[in-house]
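Trainee: I am sharing final_32.tsv, which consists of TSV, C-alpha atoms:
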```tsv
chain	number	residue	atom	x	y	z
A	1	MET	CA	-12.25	3.27	-20.75
A	2	ALA	CA	-15.86	4.34	-20.50
A	3	SER	CA	-16.70	7.82	-19.25
A	4	ALA	CA	-17.50	8.27	-15.57
A	5	SER	CA	-21.24	8.58	-16.34
A	6	VAL	CA	-21.43	4.98	-17.56
A	7	MET	CA	-18.56	3.62	-15.50
A	8	LYS	CA	-19.07	0.35	-13.69
A	9	PRO	CA	-20.15	1.00	-10.11
A	10	SER	CA	-17.66	-0.80	-7.90
A	11	VAL	CA	-13.99	-1.19	-7.00
A	12	SER	CA	-12.38	-4.52	-6.05
A	13	LEU	CA	-9.41	-4.94	-3.72
A	14	VAL	CA	-7.43	-8.17	-3.48
A	15	GLY	CA	-5.86	-8.39	-0.04
A	16	ALA	CA	-7.59	-7.27	3.17
A	17	GLY	CA	-4.51	-6.26	5.14
A	18	THR	CA	-3.46	-2.80	6.28
A	19	GLN	CA	-3.69	-1.20	2.84
A	20	GLY	CA	-6.66	-3.15	1.52
A	21	ARG	CA	-8.98	-2.21	4.37
A	22	ARG	CA	-7.95	1.46	4.27
A	23	LEU	CA	-8.52	1.60	0.51
A	24	ALA	CA	-11.87	-0.13	0.93
A	25	TYR	CA	-12.94	2.68	3.23
A	26	MET	CA	-11.78	5.38	0.81
A	27	TRP	CA	-13.35	3.88	-2.31
A	28	SER	CA	-16.69	3.41	-0.51
A	29	THR	CA	-17.02	7.04	0.63
A	30	GLN	CA	-19.01	8.17	-2.42
A	31	GLY	CA	-21.72	5.55	-2.07
A	32	HIS	CA	-20.28	2.86	-4.34
A	33	ASP	CA	-19.82	-0.75	-3.28
A	34	VAL	CA	-16.36	-2.18	-2.70
A	35	HIS	CA	-15.46	-5.86	-3.06
A	36	LEU	CA	-12.81	-6.87	-0.52
A	37	ILE	CA	-11.18	-10.19	-1.38
A	38	ASP	CA	-8.90	-12.32	0.79
A	39	SER	CA	-8.18	-16.00	1.35
A	40	VAL	CA	-8.17	-15.57	5.15
A	41	PRO	CA	-11.67	-15.08	6.67
A	42	ARG	CA	-10.24	-13.49	9.83
A	43	GLN	CA	-8.59	-10.78	7.74
A	44	LEU	CA	-11.96	-9.93	6.21
A	45	GLU	CA	-13.67	-9.87	9.61
A	46	ASN	CA	-11.00	-7.59	11.05
A	47	SER	CA	-11.26	-5.32	8.01
A	48	ILE	CA	-15.00	-4.86	8.42
A	49	ALA	CA	-14.52	-3.92	12.07
A	50	TYR	CA	-11.73	-1.50	11.17
A	51	ILE	CA	-13.76	0.18	8.42
A	52	GLU	CA	-16.74	0.50	10.73
A	53	GLY	CA	-14.50	2.29	13.22
A	54	LEU	CA	-13.39	4.76	10.55
A	55	ARG	CA	-16.98	5.38	9.55
A	56	GLN	CA	-18.05	6.03	13.12
A	57	ALA	CA	-15.25	8.58	13.43
A	58	ASP	CA	-16.59	10.36	10.32
A	59	SER	CA	-19.64	11.77	12.08
A	60	LYS	CA	-21.04	13.77	9.17
A	61	PRO	CA	-20.39	12.02	5.85
A	62	LEU	CA	-21.72	13.97	2.86
A	63	VAL	CA	-22.75	10.76	1.11
A	64	ALA	CA	-23.99	7.49	2.57
A	65	PRO	CA	-21.07	5.07	2.14
A	66	GLY	CA	-21.24	2.07	-0.13
A	67	ARG	CA	-21.31	-1.51	1.08
A	68	ILE	CA	-18.14	-3.48	1.81
A	69	LEU	CA	-18.75	-6.90	0.26
A	70	THR	CA	-16.30	-9.58	1.38
A	71	HIS	CA	-15.26	-12.61	-0.65
A	72	GLY	CA	-12.83	-15.49	-0.62
A	73	ILE	CA	-10.41	-15.84	-3.50
A	74	ASP	CA	-12.55	-18.45	-5.27
A	75	GLY	CA	-14.77	-17.12	-8.03
A	76	LEU	CA	-12.62	-14.06	-8.59
A	77	GLY	CA	-13.91	-13.58	-12.13
A	78	ALA	CA	-17.54	-13.28	-11.01
A	79	VAL	CA	-16.65	-10.76	-8.30
A	80	LEU	CA	-14.83	-8.49	-10.75
A	81	GLN	CA	-17.62	-8.23	-13.33
A	82	ASP	CA	-19.05	-4.94	-12.03
A	83	SER	CA	-15.71	-3.32	-11.10
A	84	TRP	CA	-14.11	-0.51	-13.10
A	85	LEU	CA	-10.93	-0.90	-11.00
A	86	VAL	CA	-9.22	-3.81	-9.25
A	87	VAL	CA	-6.19	-3.25	-7.03
A	88	GLU	CA	-3.84	-5.87	-5.60
A	89	CYS	CA	-2.86	-5.13	-1.99
A	90	VAL	CA	-0.92	-8.29	-1.12
A	91	PRO	CA	2.39	-8.36	0.83
A	92	GLU	CA	5.44	-6.73	-0.72
A	93	ARG	CA	6.99	-9.79	-2.38
A	94	LEU	CA	7.63	-9.66	-6.10
A	95	ALA	CA	6.75	-13.29	-6.92
A	96	LEU	CA	3.46	-12.97	-5.05
A	97	LYS	CA	2.55	-9.69	-6.70
A	98	ARG	CA	3.32	-11.12	-10.14
A	99	GLN	CA	1.11	-14.12	-9.43
A	100	VAL	CA	-1.81	-12.01	-8.20
A	101	ILE	CA	-1.59	-9.43	-11.01
A	102	SER	CA	-1.54	-12.26	-13.55
A	103	GLU	CA	-4.60	-13.89	-11.98
A	104	ILE	CA	-6.69	-10.74	-11.66
A	105	GLU	CA	-5.76	-9.47	-15.13
A	106	ALA	CA	-6.88	-12.80	-16.60
A	107	ALA	CA	-10.15	-12.69	-14.64
A	108	ALA	CA	-11.06	-9.01	-15.01
A	109	PRO	CA	-13.34	-7.76	-17.82
A	110	GLN	CA	-11.52	-6.03	-20.67
A	111	ASP	CA	-12.60	-2.53	-19.61
A	112	THR	CA	-11.39	-2.89	-16.00
A	113	ILE	CA	-8.23	-1.07	-14.89
A	114	VAL	CA	-5.79	-3.40	-13.12
A	115	ALA	CA	-3.52	-1.78	-10.52
A	116	SER	CA	-0.80	-2.71	-8.06
A	117	ASN	CA	-0.51	-1.01	-4.69
A	118	SER	CA	3.17	-1.96	-4.39
A	119	SER	CA	5.23	0.55	-2.45
A	120	SER	CA	8.58	-0.30	-4.02
A	121	PHE	CA	8.19	-2.48	-7.13
A	122	THR	CA	7.38	-0.63	-10.33
A	123	ILE	CA	4.59	-2.00	-12.48
A	124	SER	CA	7.21	-2.62	-15.17
A	125	GLU	CA	9.03	-4.98	-12.80
A	126	ILE	CA	5.83	-6.73	-11.78
A	127	ILE	CA	4.54	-7.45	-15.29
A	128	GLN	CA	7.93	-8.32	-16.81
A	129	GLY	CA	7.64	-11.75	-18.41
A	130	LEU	CA	3.91	-12.11	-17.71
A	131	ARG	CA	1.53	-13.09	-20.48
A	132	LEU	CA	-1.31	-10.62	-20.08
A	133	GLN	CA	-4.44	-10.09	-22.15
A	134	ASP	CA	-3.94	-6.32	-22.33
A	135	ASP	CA	-1.05	-4.72	-20.48
A	136	SER	CA	-2.18	-1.24	-21.56
A	137	ARG	CA	-4.72	-1.25	-18.71
A	138	VAL	CA	-2.18	-2.19	-16.03
A	139	LEU	CA	-0.57	0.44	-13.79
A	140	SER	CA	0.56	1.26	-10.25
A	141	ALA	CA	-1.62	3.03	-7.69
A	142	HIS	CA	0.44	3.33	-4.52
A	143	SER	CA	-1.30	4.78	-1.48
A	144	TYR	CA	0.13	5.62	1.94
A	145	TRP	CA	-2.07	5.63	5.07
A	146	PRO	CA	-5.54	6.78	4.02
A	147	PRO	CA	-7.61	8.41	5.31
A	148	GLU	CA	-5.00	10.08	7.58
A	149	THR	CA	-2.53	10.45	4.70
A	150	ASN	CA	-4.51	10.63	1.48
A	151	VAL	CA	-1.62	10.82	-1.02
A	152	ILE	CA	-1.70	8.27	-3.85
A	153	GLU	CA	0.90	7.94	-6.62
A	154	ILE	CA	-0.21	6.80	-10.08
A	155	MET	CA	2.48	5.37	-12.34
A	156	GLY	CA	2.14	3.54	-15.63
A	157	HIS	CA	4.66	1.70	-17.78
A	158	SER	CA	5.74	2.27	-21.37
A	159	ARG	CA	2.53	0.77	-22.81
A	160	THR	CA	-0.06	1.99	-20.30
A	161	ASP	CA	-2.96	3.76	-22.01
A	162	ALA	CA	-2.83	7.40	-20.87
A	163	ARG	CA	-6.64	7.48	-20.70
A	164	HIS	CA	-6.57	5.02	-17.81
A	165	ILE	CA	-4.19	7.25	-15.89
A	166	VAL	CA	-6.46	10.27	-16.47
A	167	THR	CA	-9.51	8.28	-15.34
A	168	LEU	CA	-7.80	7.08	-12.18
A	169	LEU	CA	-6.49	10.53	-11.29
A	170	GLU	CA	-10.01	11.95	-11.65
A	171	GLN	CA	-11.64	9.20	-9.61
A	172	CYS	CA	-9.01	9.45	-6.89
A	173	ARG	CA	-9.77	13.16	-6.46
A	174	GLN	CA	-13.50	12.43	-6.26
A	175	HIS	CA	-12.91	9.86	-3.52
A	176	GLY	CA	-10.80	12.02	-1.22
A	177	PHE	CA	-7.30	11.14	-2.38
A	178	GLN	CA	-4.56	13.61	-3.30
A	179	PRO	CA	-3.16	11.96	-6.46
A	180	PHE	CA	0.26	12.52	-8.01
A	181	HIS	CA	1.25	11.29	-11.47
A	182	VAL	CA	4.71	9.70	-11.56
A	183	LYS	CA	5.64	10.44	-15.16
A	184	ARG	CA	8.37	7.87	-15.67
A	185	ASP	CA	9.46	4.51	-14.26
A	186	SER	CA	10.76	5.21	-10.74
A	187	VAL	CA	11.67	2.59	-8.13
A	188	GLY	CA	10.07	3.93	-4.96
A	189	TYR	CA	7.86	6.39	-6.87
A	190	ILE	CA	8.42	9.96	-5.63
A	191	TYR	CA	8.15	10.14	-1.87
A	192	ASN	CA	9.51	6.68	-1.05
A	193	ARG	CA	12.71	7.36	-2.98
A	194	ILE	CA	13.34	10.26	-0.63
A	195	TRP	CA	12.05	8.42	2.45
A	196	ALA	CA	14.28	5.39	1.69
A	197	ALA	CA	17.41	7.49	2.14
A	198	ILE	CA	16.15	8.92	5.45
A	199	LYS	CA	15.12	5.48	6.72
A	200	ARG	CA	18.45	3.91	5.72
A	201	GLU	CA	20.50	6.58	7.50
A	202	ALA	CA	18.31	6.35	10.61
A	203	LEU	CA	18.94	2.60	10.74
A	204	MET	CA	22.68	3.21	10.31
A	205	VAL	CA	22.74	5.70	13.19
A	206	ALA	CA	21.02	3.21	15.52
A	207	ALA	CA	23.01	0.19	14.33
A	208	GLU	CA	26.30	2.04	14.87
A	209	GLY	CA	25.23	3.10	18.36
A	210	ALA	CA	25.39	6.82	17.65
A	211	ALA	CA	21.87	7.22	19.07
A	212	SER	CA	18.93	5.06	20.12
A	213	PRO	CA	15.84	4.73	17.91
A	214	GLN	CA	13.89	6.88	20.38
A	215	GLU	CA	16.56	9.59	20.33
A	216	VAL	CA	16.56	9.57	16.52
A	217	ASP	CA	12.79	9.92	16.51
A	218	ASP	CA	12.86	12.70	19.09
A	219	ILE	CA	15.37	14.84	17.20
A	220	PHE	CA	13.66	14.14	13.87
A	221	LYS	CA	10.29	15.29	15.24
A	222	SER	CA	11.78	18.30	17.00
A	223	VAL	CA	13.50	19.61	13.87
A	224	LEU	CA	10.91	18.75	11.21
A	225	LYS	CA	7.78	19.08	13.40
A	226	THR	CA	6.42	15.73	12.23
A	227	PRO	CA	4.07	13.59	14.37
A	228	LYS	CA	6.20	10.44	14.00
A	229	GLY	CA	9.89	9.75	13.62
A	230	PRO	CA	11.48	7.20	11.25
A	231	PHE	CA	11.48	4.32	13.74
A	232	GLU	CA	7.89	4.94	14.80
A	233	GLN	CA	6.90	4.92	11.14
A	234	MET	CA	8.80	1.68	10.50
A	235	ASP	CA	6.99	0.06	13.44
A	236	VAL	CA	3.67	1.02	11.87
A	237	VAL	CA	4.64	-0.48	8.51
A	238	GLY	CA	6.10	-3.64	10.06
A	239	LEU	CA	9.80	-4.46	10.23
A	240	ASP	CA	9.41	-7.51	8.01
A	241	VAL	CA	7.82	-5.33	5.33
A	242	VAL	CA	10.55	-2.70	5.75
A	243	LEU	CA	13.18	-5.41	5.25
A	244	ASP	CA	11.46	-6.70	2.10
A	245	ILE	CA	11.49	-3.17	0.69
A	246	GLU	CA	15.14	-2.62	1.62
A	247	GLU	CA	16.13	-5.90	-0.03
A	248	HIS	CA	14.42	-4.75	-3.21
A	249	TYR	CA	16.19	-1.39	-3.19
A	250	ALA	CA	19.50	-3.20	-2.71
A	251	GLN	CA	18.81	-5.28	-5.83
A	252	ALA	CA	17.75	-2.22	-7.84
A	253	ARG	CA	20.65	0.03	-6.79
A	254	SER	CA	24.17	-1.29	-6.39
A	255	GLY	CA	26.41	-0.15	-3.56
A	256	LEU	CA	23.83	0.36	-0.81
A	257	PRO	CA	25.17	-0.44	2.69
A	258	THR	CA	24.27	-3.82	4.21
A	259	VAL	CA	24.25	-2.63	7.83
A	260	PRO	CA	20.60	-1.41	7.85
A	261	ARG	CA	19.34	-4.74	6.50
A	262	GLU	CA	21.43	-6.78	8.94
A	263	TYR	CA	20.14	-4.64	11.80
A	264	LEU	CA	16.54	-5.30	10.74
A	265	LYS	CA	17.19	-9.03	10.38
A	266	GLY	CA	18.49	-9.16	13.93
A	267	LEU	CA	15.36	-7.53	15.31
A	268	ILE	CA	13.07	-9.76	13.26
A	269	SER	CA	14.90	-12.87	14.49
A	270	GLU	CA	14.03	-11.72	18.03
A	271	GLY	CA	10.34	-11.65	17.07
A	272	LYS	CA	10.15	-7.88	16.80
A	273	LEU	CA	7.85	-6.92	13.92
A	274	GLY	CA	6.44	-3.60	15.10
A	275	GLU	CA	2.98	-2.54	16.19
A	276	LYS	CA	1.28	-5.57	14.65
A	277	ASN	CA	2.77	-7.99	17.19
A	278	GLY	CA	3.40	-5.54	20.03
A	279	ARG	CA	7.21	-5.27	19.82
A	280	GLY	CA	9.47	-3.51	17.36
A	281	PHE	CA	11.71	-0.56	17.99
A	282	TYR	CA	9.15	0.21	20.71
A	283	ASP	CA	7.15	-1.93	23.14
A	284	TYR	CA	3.41	-1.63	22.45
A	285	SER	CA	2.19	-4.01	25.14
A	286	ASP	CA	0.96	-1.02	27.15
A	287	GLN	CA	-0.28	0.77	23.99
A	288	LYS	CA	2.06	3.68	24.71
A	289	GLY	CA	4.94	2.78	22.43
A	290	THR	CA	7.65	2.75	25.10
A	291	GLY	CA	11.19	2.77	23.72
A	292	LEU	CA	13.07	-0.52	24.07
```
Show how you would write the structure in this file as structure tokens.

Mentor:
Amino acid sequence: MASASVMKPSVSLVGAGTQGRRLAYMWSTQGHDVHLIDSVPRQLENSIAYIEGLRQADSKPLVAPGRILTHGIDGLGAVLQDSWLVVECVPERLALKRQVISEIEAAAPQDTIVASNSSSFTISEIIQGLRLQDDSRVLSAHSYWPPETNVIEIMGHSRTDARHIVTLLEQCRQHGFQPFHVKRDSVGYIYNRIWAAIKREALMVAAEGAASPQEVDDIFKSVLKTPKGPFEQMDVVGLDVVLDIEEHYAQARSGLPTVPREYLKGLISEGKLGEKNGRGFYDYSDQKGTGL
């Protein structure tokens, strides 16, 4: 990997959903262009509006932000030519992530780092069985909710070139992230392994009728002094995404209870997905998040 002084100027993000648009904002804060790529034009339009809102809230940026350049999925190779980093930010489904990583790794120049933003699948799982040009440049870069939560976890696999990890850690710090290096293969990285246990027990409490989701959130926030409780956080993520993640953990670790997943499936079958469609554990039709 070239030194930062001669590094290619831009970052590319494949997927303009919740994570892609937030990452586009972060990677543009130091004046460099960001390529935001998605097959759905409306996603790109919504992302531009969202990023503009974040920029307006940042009243005194130290550096003029870079441009957000939007693209369809066609011509991926041409878009990636000036990018030192490309990150997939597609939905949390293993087959989809494998397909996208394979496509972008084939299209990206040889000196471009290729990363997955997966929150639960390790990069080892994603690239298993794939025929890649150079898997030493492939790694995980899992972010949370930037810019509000700026933590990002960097995790390689057994053949990842350590220089790429060093480069990414340095660049993350320069762009306002708080990076952590996950030093070995870990399903769920660091924080999500801990969070998964909390989330699973919260779902069990509600499913068993011991307490309502709102009561769980209230006691959680009262004791730990956090702004959101487990159910509020799951509504932000999306219940369909939470279920996908729970299904993956169940495959990776034998003996996990089925009740939390069945509880989520029941809510999803009722059309409750969380904030994104107005109903989850809470009703967002009035924008107040009233408990259901």

Trainee: Using all atoms listed in the file, which of the listed residues (A:Gln174, A:Ser10, A:Ser186, A:Gln56) sits closest to Gln81 of chain A?

Mentor: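 Smallest separation from Gln81 of chain A among the options: A:Ser10.
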
Trainee: Excluding segment 88-95 of chain A and any residue of its chain fewer than 6 positions from it, enumerate the residues within 6 Å of it, using only C-alpha atoms, and give them as a count of residues only.

Mentor: 6

Trainee: Considering only C-alpha atoms, return as a list in words whatever protein or nucleic-acid residues lie within 12 Å of Glu262 of chain A, sequence-local ones (same chain, fewer than 2 positions apart) excluded.

Mentor: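 In the requested format, the answer is Arg200, Leu203, Met204, Ala206, Ala207, Glu208, Leu239, Leu243, Glu246, Glu247, Pro257, Thr258, Val259, Pro260, Leu264, Lys265, Gly266, Leu267, Ile268 and Ser269 of chain A.
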
Trainee: Please dump the current selection as a PDB file, keeping the file's coordinate frame; keep C-alpha atoms.

Mentor:
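This is the output file result_29.pdb:
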```pdb
ATOM      1  CA  ARG A 200      18.450   3.910   5.720  1.00  0.00           C
ATOM      2  CA  LEU A 203      18.940   2.600  10.740  1.00  0.00           C
ATOM      3  CA  MET A 204      22.680   3.210  10.310  1.00  0.00           C
ATOM      4  CA  ALA A 206      21.020   3.210  15.520  1.00  0.00           C
ATOM      5  CA  ALA A 207      23.010   0.190  14.330  1.00  0.00           C
ATOM      6  CA  GLU A 208      26.300   2.040  14.870  1.00  0.00           C
ATOM      7  CA  LEU A 239       9.800  -4.460  10.230  1.00  0.00           C
ATOM      8  CA  LEU A 243      13.180  -5.410   5.250  1.00  0.00           C
ATOM      9  CA  GLU A 246      15.140  -2.620   1.620  1.00  0.00           C
ATOM     10  CA  GLU A 247      16.130  -5.900  -0.030  1.00  0.00           C
ATOM     11  CA  PRO A 257      25.170  -0.440   2.690  1.00  0.00           C
ATOM     12  CA  THR A 258      24.270  -3.820   4.210  1.00  0.00           C
ATOM     13  CA  VAL A 259      24.250  -2.630   7.830  1.00  0.00           C
ATOM     14  CA  PRO A 260      20.600  -1.410   7.850  1.00  0.00           C
ATOM     15  CA  LEU A 264      16.540  -5.300  10.740  1.00  0.00           C
ATOM     16  CA  LYS A 265      17.190  -9.030  10.380  1.00  0.00           C
ATOM     17  CA  GLY A 266      18.490  -9.160  13.930  1.00  0.00           C
ATOM     18  CA  LEU A 267      15.360  -7.530  15.310  1.00  0.00           C
ATOM     19  CA  ILE A 268      13.070  -9.760  13.260  1.00  0.00           C
ATOM     20  CA  SER A 269      14.900 -12.870  14.490  1.00  0.00           C
TER      21      SER A 269
END
```

Trainee: Within 10 Å of segment 59-61 of chain A, counting all atoms listed in the file, which residues qualify if same-chain residues fewer than 4 places away don't, as JSON, numbers by chain?

Mentor: {"A": [29, 30, 54, 55, 65]}

Trainee: With distances taken over all atoms listed in the file, which residue among A:Ser12, A:Ser118, A:Gln214, A:Ser102 lies nearest Gln133 of chain A?

Mentor: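 Checking each of A:Ser12, A:Ser118, A:Gln214, A:Ser102 against Gln133 of chain A, counting all atoms listed in the file, the winner is A:Ser102.
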
Trainee: For Arg184 of chain A, list every protein, DNA or RNA residue within 10 Å, evaluated using all atoms listed in the file, and leave out those in the same chain fewer than 2 positions away; present the list as a list in words.

Mentor: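 Those residues are Met155, Gly156, His157, Ser158, His181, Val182, Ser186, Val187 and Tyr189 of chain A.
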
Trainee: Can you measure atom CA of Ala162 of chain A to atom CA of Asp111 of chain A for me? One decimal in Å is fine.

Mentor: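 Answer for the atom CA of Ala162 of chain A to atom CA of Asp111 of chain A separation: 14.0 Å.
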
Trainee: Atom CA of Ile154 of chain A and atom CA of Phe180 of chain A are how many Å apart?

Mentor: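 It comes out at 6.1 Å.
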
Trainee: How far is it from atom CA of Leu69 of chain A to atom CA of Phe121 of chain A, in Å with one decimal?

Mentor: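 Interatomic distance, atom CA of Leu69 of chain A to atom CA of Phe121 of chain A: 28.3 Å.
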
Trainee: Which one is closest to Leu169 of chain A: A:Val151, A:Leu273, A:Val241, A:Ile73? Count all atoms listed in the file.

Mentor: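 The shortest atom-to-atom distance to Leu169 of chain A comes from A:Val151.
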
Trainee: Quick one: residues within 8 Å of Phe177 of chain A, only C-alpha atoms, excluding same-chain residues fewer than 6 positions away - as a ChimeraX atom specification?

Mentor: /A:26,146,150-152

Trainee: Go through A:Arg42, A:Ile68, A:Glu125, A:Arg279 and flag the residue nearest His248 of chain A, using only C-alpha atoms for the distances.

Mentor: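 Smallest distance to His248 of chain A is found for A:Glu125.
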
Trainee: Ranking A:Asp82, A:Arg137, A:Leu23, A:Ser120 by minimum distance to Glu105 of chain A and counting all atoms listed in the file, which one comes first?

Mentor: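 Using all atoms listed in the file, the shortest distance to Glu105 of chain A belongs to A:Arg137.
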
Trainee: How would segment 241-266 of chain A look with N, CA and C atoms restored, written as a short mmCIF file (atom, residue, chain, number, x, y, z; two decimals), keeping the file's coordinate frame?

Mentor:
```
data_model
loop_
_atom_site.label_atom_id
_atom_site.label_comp_id
_atom_site.auth_asym_id
_atom_site.auth_seq_id
_atom_site.Cartn_x
_atom_site.Cartn_y
_atom_site.Cartn_z
N VAL A 241 8.13 -6.02 6.58
CA VAL A 241 7.82 -5.33 5.33
C VAL A 241 8.95 -4.35 4.98
N VAL A 242 9.44 -3.63 5.98
CA VAL A 242 10.55 -2.70 5.75
C VAL A 242 11.76 -3.45 5.19
N LEU A 243 12.05 -4.63 5.74
CA LEU A 243 13.18 -5.41 5.25
C LEU A 243 12.96 -5.85 3.81
N ASP A 244 11.75 -6.31 3.49
CA ASP A 244 11.46 -6.70 2.10
C ASP A 244 11.73 -5.54 1.15
N ILE A 245 11.30 -4.36 1.54
CA ILE A 245 11.49 -3.17 0.69
C ILE A 245 12.97 -2.84 0.56
N GLU A 246 13.70 -2.92 1.67
CA GLU A 246 15.14 -2.62 1.62
C GLU A 246 15.89 -3.63 0.76
N GLU A 247 15.49 -4.88 0.81
CA GLU A 247 16.13 -5.90 -0.03
C GLU A 247 15.90 -5.58 -1.51
N HIS A 248 14.71 -5.10 -1.81
CA HIS A 248 14.42 -4.75 -3.21
C HIS A 248 15.26 -3.56 -3.66
N TYR A 249 15.36 -2.54 -2.83
CA TYR A 249 16.19 -1.39 -3.19
C TYR A 249 17.64 -1.81 -3.41
N ALA A 250 18.12 -2.74 -2.58
CA ALA A 250 19.50 -3.20 -2.71
C ALA A 250 19.73 -3.91 -4.04
N GLN A 251 18.71 -4.62 -4.52
CA GLN A 251 18.81 -5.28 -5.83
C GLN A 251 18.75 -4.26 -6.96
N ALA A 252 17.95 -3.21 -6.77
CA ALA A 252 17.75 -2.22 -7.84
C ALA A 252 18.91 -1.23 -7.93
N ARG A 253 19.59 -0.98 -6.81
CA ARG A 253 20.65 0.03 -6.79
C ARG A 253 21.90 -0.57 -6.14
N SER A 254 22.94 -0.70 -6.90
CA SER A 254 24.17 -1.29 -6.39
C SER A 254 24.87 -0.35 -5.41
N GLY A 255 25.59 -0.94 -4.47
CA GLY A 255 26.41 -0.15 -3.56
C GLY A 255 25.74 0.32 -2.29
N LEU A 256 24.49 -0.06 -2.04
CA LEU A 256 23.83 0.36 -0.81
C LEU A 256 24.43 -0.41 0.37
N PRO A 257 24.57 0.24 1.53
CA PRO A 257 25.17 -0.44 2.69
C PRO A 257 24.32 -1.60 3.19
N THR A 258 24.98 -2.63 3.71
CA THR A 258 24.27 -3.82 4.21
C THR A 258 23.86 -3.67 5.67
N VAL A 259 24.49 -2.75 6.39
CA VAL A 259 24.25 -2.63 7.83
C VAL A 259 22.77 -2.44 8.17
N PRO A 260 22.01 -1.56 7.50
CA PRO A 260 20.60 -1.41 7.85
C PRO A 260 19.81 -2.71 7.73
N ARG A 261 20.07 -3.48 6.69
CA ARG A 261 19.34 -4.74 6.50
C ARG A 261 19.72 -5.77 7.56
N GLU A 262 21.00 -5.84 7.90
CA GLU A 262 21.43 -6.78 8.94
C GLU A 262 20.84 -6.40 10.30
N TYR A 263 20.75 -5.12 10.56
CA TYR A 263 20.14 -4.64 11.80
C TYR A 263 18.68 -5.06 11.88
N LEU A 264 17.94 -4.88 10.78
CA LEU A 264 16.54 -5.30 10.74
C LEU A 264 16.40 -6.80 10.92
N LYS A 265 17.26 -7.57 10.26
CA LYS A 265 17.19 -9.03 10.38
C LYS A 265 17.38 -9.48 11.82
N GLY A 266 18.28 -8.82 12.54
CA GLY A 266 18.49 -9.16 13.93
C GLY A 266 17.26 -8.94 14.78
#
```
